[in-house]
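Worksheet for the structure shown next.
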Amino acid sequence: MMTLRNILLGATMLCAATAPAYAFAQDSAPADDAAAPADNYGGEIIVTASKRSQTLQDTPVAVSVATAADLENSAIRDLIDLQSSVPSLRVSQLQSSANTNFVIRGFGNGANNAGIEPSVGVFIDGVYRSRSAAQIGDLPNVERIEVLRGPQSTLFGKNASAGVISIITQKPQFDFGGSIEASYGNYDAVVVKGDITGPISDTIAFSLGGNFNRNDGYARDLYLDTDVNDRNRWGVRGQLLFEPSDALSIRLIGDYDKIDENCCIAGNVVAGPTVDITDFLVGGPSVDRENPFSYDVYNNFLSENRIENYGGSAQIDYDLGNMALTSITAYREVRSFANQDSDFTAADLIGRKSDDVAIDTFTQEVRLASDFDGPVNFLVGGYYFNEKIDQKNQLFFGDDFRDYGNALIQKASGGALDVATLEGTLGALEGDPTKYLGTFFHVGDGMDEAYKLKNTSWSLFGTVDFEITDRLTFTAGANYTQDRKRFSTDVVSTDTFSAVDLDSPAYTPFREALLIGGGVDPATAAYLAANPTIVLPDGSSANPLAGLKAFQFLPPFLNVPNAVEPGKTHDNDLSWSARLAYELTDTVNVYATYATGFKASSINLSRDSRPLASDLPAIDAAGLTTPNLAAGSRFAGPEESEVYEIGLKGQWSVAAANVAVFKQSIKGFQSNVFNGTGFELVNAERQSTWGVEFDGSVRPVRGLNLTLAVTWLDPKYDSFTNSSFGDISGTQPSTIPELSAAMGATYTHEFDGGNRAIFHVDYLYESPTRLVDGLQGFPDGFSDQFKREVNQLNASFTFALNNGLELGVWGRNLTNAHYLTTIFPAVAQSGSVSGYPSQPRTYGVTGRFKF
């Protein structure tokens with residue numbers, strides 16, 4: 001295990017930290033690091049962290065940048081791999097390809113529910129991608145990826161309360177060129193990329209890129225006898241660049257990508273009492289008992305993940321002399337379908353659990369930036385966002401669920417009850433002995449769901465820079481945002497048992513008989529049966545049927561809007577920032593920043609959408625109460641974030657170093673927790689994090705570049721009284737490592753004639769951290785025994801010829817380190833815990849030709 005001492009020793013030896021470029025760049029000068037001379041270091045990089053061009057050194061923000069060469073050397077295929085180079089970033093892929101969550105400095109959410117907006121905004125060529133299904137495709141011809149840390153709402157509005165990830169692709173060039181790349185690796189992995197660019201005329205250039213990525217999967221379904229967790233995705237991207245004059249530039253982009261994969265396996269972490277039942281139902285093992293890293297699973301049907309993501313954008317830049325006008329218009333569509341064996345057993349318990357989501361998004365941004373010679377400059381702009389979401393879900397009981405439910409009821413009642421007895425007895429007490437016969441846990445019953453969400457938002461933003469002296473600059477910024485959402489549900493449950501009121505007075509004789517059978521005298525039994533909320537001296541419920549409520553998985557749903565709940569939210573916010581930046585020397589800058597951020601309300605588009613407890617009396621008075629209606633939330637209120645940050649940035653001829661110290665907090669953090677059957681969306685009153693980030697790089701000798709990035713975080717729930725696990729105020733949030741470190745070395749040897757040999761190695765460490773804040777159905781503290789510690793080693797070797805041909809070998813997670821990315825209560829299996837295992841070792845060979 002790596003300790004703090006090891007990290008500090010590494011810092012002393014390497015003298016610096018990860019990628020030397022740290023700023024957010026929408027448009028930056030192309031930099032082919034792999035082709036640069038070995039001693040060319042510290043050149044000016046033009047970035048637009050403030051949506052205006054500045055050198056990297058003069059940009060007083062904390063950002064990690066991965067160049068195209070970094071991506072190639074580390075064999076980074078997608079955004080999930082990027083976290084191995086950026087320790088402040090965590091990326092988690094959950095139950096499907098479309099559920100990927102981005103976290104920066106311990107803050108982030110947005111997966112598992114299309115109604116939840118992410119706290120980390122993802123932009124591709126300046127266009128916001130609102131959901132992870134539109135973010136995870138492999139992109140051809142990436143120029144660089146920037147991770148901007150901390151609230152960025154002043155310039156990016158409601159979608160960046162925790163940070164920004166920006167992906168920039170290469171613009172079309174007026175010189176003919178391109179590249180083609182092919183890789184082959186274990187698990188029969190094949191990756192092919194290609195791009196071409198060149199002039200159409202003196203004023204028009206084009207580029208066209210494509211990518212293909214597939215593998216057989218690193219897990220094995222022993223029940224279905226097939227490989228699973230495969231990769232199968234491809235995409236194309238075309239661009240046109242019009243430059244009719246020196247003042248006008250128009251960039252048109254169109255793209256399409258498709259994903260059709262089987263994802264994602266979950267292993268058994270704790271085998272509870274239901275495992276024996278599922279094993280019995282299939283005549284053998286239905287799960288791999290408590291060994292998630294065997295990568296052997298047992299499912300009764302293959303999961304599906306099908307995503308189509310496409311759209312287009314137009315960016316217009318017009319130079320007005322001492323001012324520049326920019327407009328970015330975009331329209332995008334995402335079509336996502338997922339079908340999963342969510343009980344993760346070979347038993348046919350959940351015959352179908354599908355999610356079909358359609359997202360249509362239109363965005364428009366306009367901004368005007370000045371470039372005056374005087375001490376004052378400004379940027380003003382506006383942003384419009386319009387999105388429509390249609391989501392349809394289905395969850396139906398499979399062929400084995402009735403037998404499974406019967407076994408659960410027998411076990412819970414000590415053998416006194418079974419499904420047939422319940423059906424006959426409850427029906428008879430209601431006056432119709434045949435009413436329920438054959439209906440409890442019936443195959444094909446379940447829940448049919450449909451949700452709609454319309455979101456309209458607009459914002460006005462601006463910044464002003466005032467040069468107090470030649471070396472001291474004060475910057476103030478503000479963003480006013482209005483956000484409106486309208487949502488509706490059309491959910492129908494056909495789960496008959498879940499609609500039964502087990503507290504009904506009609507069942508008093510049945511409860512009394514059960515109590516008498518349990519050894520309670522008749523008088524006490526009669527009293528307890530008439531007062532089902534009384535608790536017996538041993539702590540058990542006085543209603544002997546109460547234990548069966550845990551098996552009422554899909555109760556009737558109260559749809560919205562209704563007479564009490566309008567199905568609307570309306571949020572507005574003024575975010576602002578203030579920064580002082582001082583140039584100590586020509587190579588060292590310091591800055592101090594205060595900034596606030598905002599994320600609008602998120603909507604619970606799931607079967608767990610329930611009215612607030614405060615609305616239940618009005619719902620009852622309006623006669624809207626449905627059987628077994630419980631309180632919950634329809635939506636989570638907005639997040640309001642703030643950060644205090646001071647930093648130092650230094651860049652010299654052979655080294656770069658950056659330090660940031662910050663206190664960041666979010667009021668109203670939107671927590672989305674899985675409870676075993678669904679997700680509970682609630683607000684934490686306040687979550688905060690103290691942190692220190694150090695990063696930099698050094699080239700001690702010609703050709704050698706050493707890098708190190710270290711992040712230390714001290715997170716805390718300052719106040720979280722209504723969590724899914726009770727009041728957890730004062731505790732440390734899960735999934736946030738106290739210490740993260742990414743270190744690497746790249747050595748380039750140039751031979752006579754210009755051929756080069758490039759060796760790269762990098763290592764990621766994350767200190768042990770809890771995987772979840774708690775587990776529903778388990779004692780307090782039970783989940784503390786499950787922790788994640790990351791030790792990942794990656795390496796590559798490339799031989800690059802001066803004619804553009806490159807040949808290389810690479811490997812990721814070379815030590816085959818194992819860890820769980822998250823754990824959760826097993827679906828409909830009380831007492832069991834499931835978890836997603838990390839990806840095992842991968843390796844391969846690559847050929848690349850650049851022309």
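Just remember, in the structure tokens the first chain shown is A, the second B, etc., residues are 1-based per chain, and ligands are 1-based in the order shown.
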Residue neighbourhood segment 405-414 of chain A, 10 Å, only C-alpha atoms, exclusion window fewer than 4 positions, as a ChimeraX atom specification:
/A:273-274,277-278,349,400-401,418-420,422,440-442,514,544-545,547-548,550-551,828-830
When DSSP is applied to the backbone of this structure, which of segment 729-838 of chain A are assigned strand (DSSP E or B)? Write them out as a ChimeraX atom specification.
/A:739-750,756-770,787-800,805-812,820-825,833-837
Between A:Gly115, A:Pro837, A:Gly106, A:Gly217, which has the minimum distance to Phe635 of chain A (counting only C-alpha atoms)?
A:Gly115
Skip Arg634 of chain A itself and residues of its chain fewer than 6 positions away, then list as a VMD selection string all residues within 9 Å of it, counting only C-alpha atoms.
chain A and resid 567 602 to 605 608 to 612 681
Looking at only C-alpha atoms, which of A:Val380, A:Leu805, A:Leu139, A:Leu502 is the one that sits closest to Asp465 of chain A?
A:Val380
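For Tyr582 of chain A, the residues within 6 Å (counting only C-alpha atoms, excluding itself and residues fewer than 3 positions away along the chain) are Arg471, Leu472, Asn589 and Val590 of chain A.
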Write to file, as a JSON list (two decimals), in the first residue's frame, the residues of the selection just made, with all heavy atoms.
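Now in result-v1.json:
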[["chain", "number", "residue", "atom", "x", "y", "z"],
["A", 471, "ARG", "N", 1.11, 44.28, -13.48],
["A", 471, "ARG", "CA", 1.21, 42.90, -12.99],
["A", 471, "ARG", "C", 0.00, 42.44, -12.19],
["A", 471, "ARG", "O", -0.12, 41.26, -11.90],
["A", 471, "ARG", "CB", 2.48, 42.75, -12.14],
["A", 471, "ARG", "CG", 3.77, 42.85, -12.94],
["A", 471, "ARG", "CD", 4.99, 42.57, -12.08],
["A", 471, "ARG", "NE", 6.22, 42.58, -12.85],
["A", 471, "ARG", "CZ", 6.73, 41.53, -13.48],
["A", 471, "ARG", "NH1", 6.10, 40.38, -13.40],
["A", 471, "ARG", "NH2", 7.86, 41.63, -14.16],
["A", 472, "LEU", "N", -0.88, 43.36, -11.81],
["A", 472, "LEU", "CA", -2.02, 43.01, -10.96],
["A", 472, "LEU", "C", -3.32, 43.23, -11.72],
["A", 472, "LEU", "O", -3.58, 44.32, -12.22],
["A", 472, "LEU", "CB", -2.02, 43.84, -9.68],
["A", 472, "LEU", "CG", -3.17, 43.59, -8.69],
["A", 472, "LEU", "CD1", -3.11, 42.16, -8.16],
["A", 472, "LEU", "CD2", -3.11, 44.60, -7.55],
["A", 589, "ASN", "N", 3.07, 33.23, -11.39],
["A", 589, "ASN", "CA", 1.85, 33.98, -11.12],
["A", 589, "ASN", "C", 1.17, 33.40, -9.89],
["A", 589, "ASN", "O", 1.24, 32.20, -9.61],
["A", 589, "ASN", "CB", 0.87, 33.91, -12.29],
["A", 589, "ASN", "CG", 1.36, 34.66, -13.50],
["A", 589, "ASN", "OD1", 2.40, 35.31, -13.44],
["A", 589, "ASN", "ND2", 0.61, 34.58, -14.59],
["A", 590, "VAL", "N", 0.46, 34.26, -9.15],
["A", 590, "VAL", "CA", -0.39, 33.82, -8.05],
["A", 590, "VAL", "C", -1.79, 34.39, -8.26],
["A", 590, "VAL", "O", -1.96, 35.42, -8.94],
["A", 590, "VAL", "CB", 0.17, 34.26, -6.68],
["A", 590, "VAL", "CG1", 1.48, 33.58, -6.38],
["A", 590, "VAL", "CG2", 0.30, 35.76, -6.60]]
Please determine, counting only C-alpha atoms, which residue among A:Thr481, A:Ser719, A:Gln839, A:Thr456 has the shortest atom-to-atom distance to Phe669 of chain A.
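Checking each of A:Thr481, A:Ser719, A:Gln839, A:Thr456 against Phe669 of chain A, counting only C-alpha atoms, the winner is A:Ser719.
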What's around Leu429 of chain A at 9 Å? Count only C-alpha atoms, leave out sequence neighbours fewer than 5 positions away in its own chain, and write the answer as a list in words.
Gly424, Ala506, Tyr507, Pro509 and Phe510 of chain A
Expected file contents, prior selection, N, CA and C atoms, as a compact mmCIF listing (two decimals), in the first residue's frame:
# COMPACT_ATOMS: atom_id res chain seq x y z
N GLY A 424 -55.69 -17.17 -1.34
CA GLY A 424 -57.01 -17.67 -0.98
C GLY A 424 -57.57 -16.99 0.25
N ALA A 506 -60.06 -5.62 7.18
CA ALA A 506 -60.68 -6.85 6.68
C ALA A 506 -59.84 -8.08 7.01
N TYR A 507 -58.52 -7.87 7.23
CA TYR A 507 -57.64 -9.01 7.49
C TYR A 507 -57.41 -9.24 8.97
N PRO A 509 -59.08 -10.98 11.28
CA PRO A 509 -59.12 -12.39 11.72
C PRO A 509 -57.86 -13.18 11.34
N PHE A 510 -57.32 -12.85 10.16
CA PHE A 510 -56.13 -13.54 9.71
C PHE A 510 -54.94 -13.18 10.59
One decimal, in Å: what's the spacing between atom CA of Gln364 of chain A and atom CA of Gly382 of chain A?
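So the answer is 8.2 Å.
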Enumerate the residues of segment 125-188 of chain A with a DSSP assignment of alpha helix (DSSP H), computed from the backbone, and present them as a list in words.
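Put together, the selection reads Ser153, Thr154, Leu155 and Phe156 of chain A.
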Atom CA of Leu648 of chain A to atom CA of Tyr591 of chain A, distance in Å rounded to a single decimal:
6.5 Å
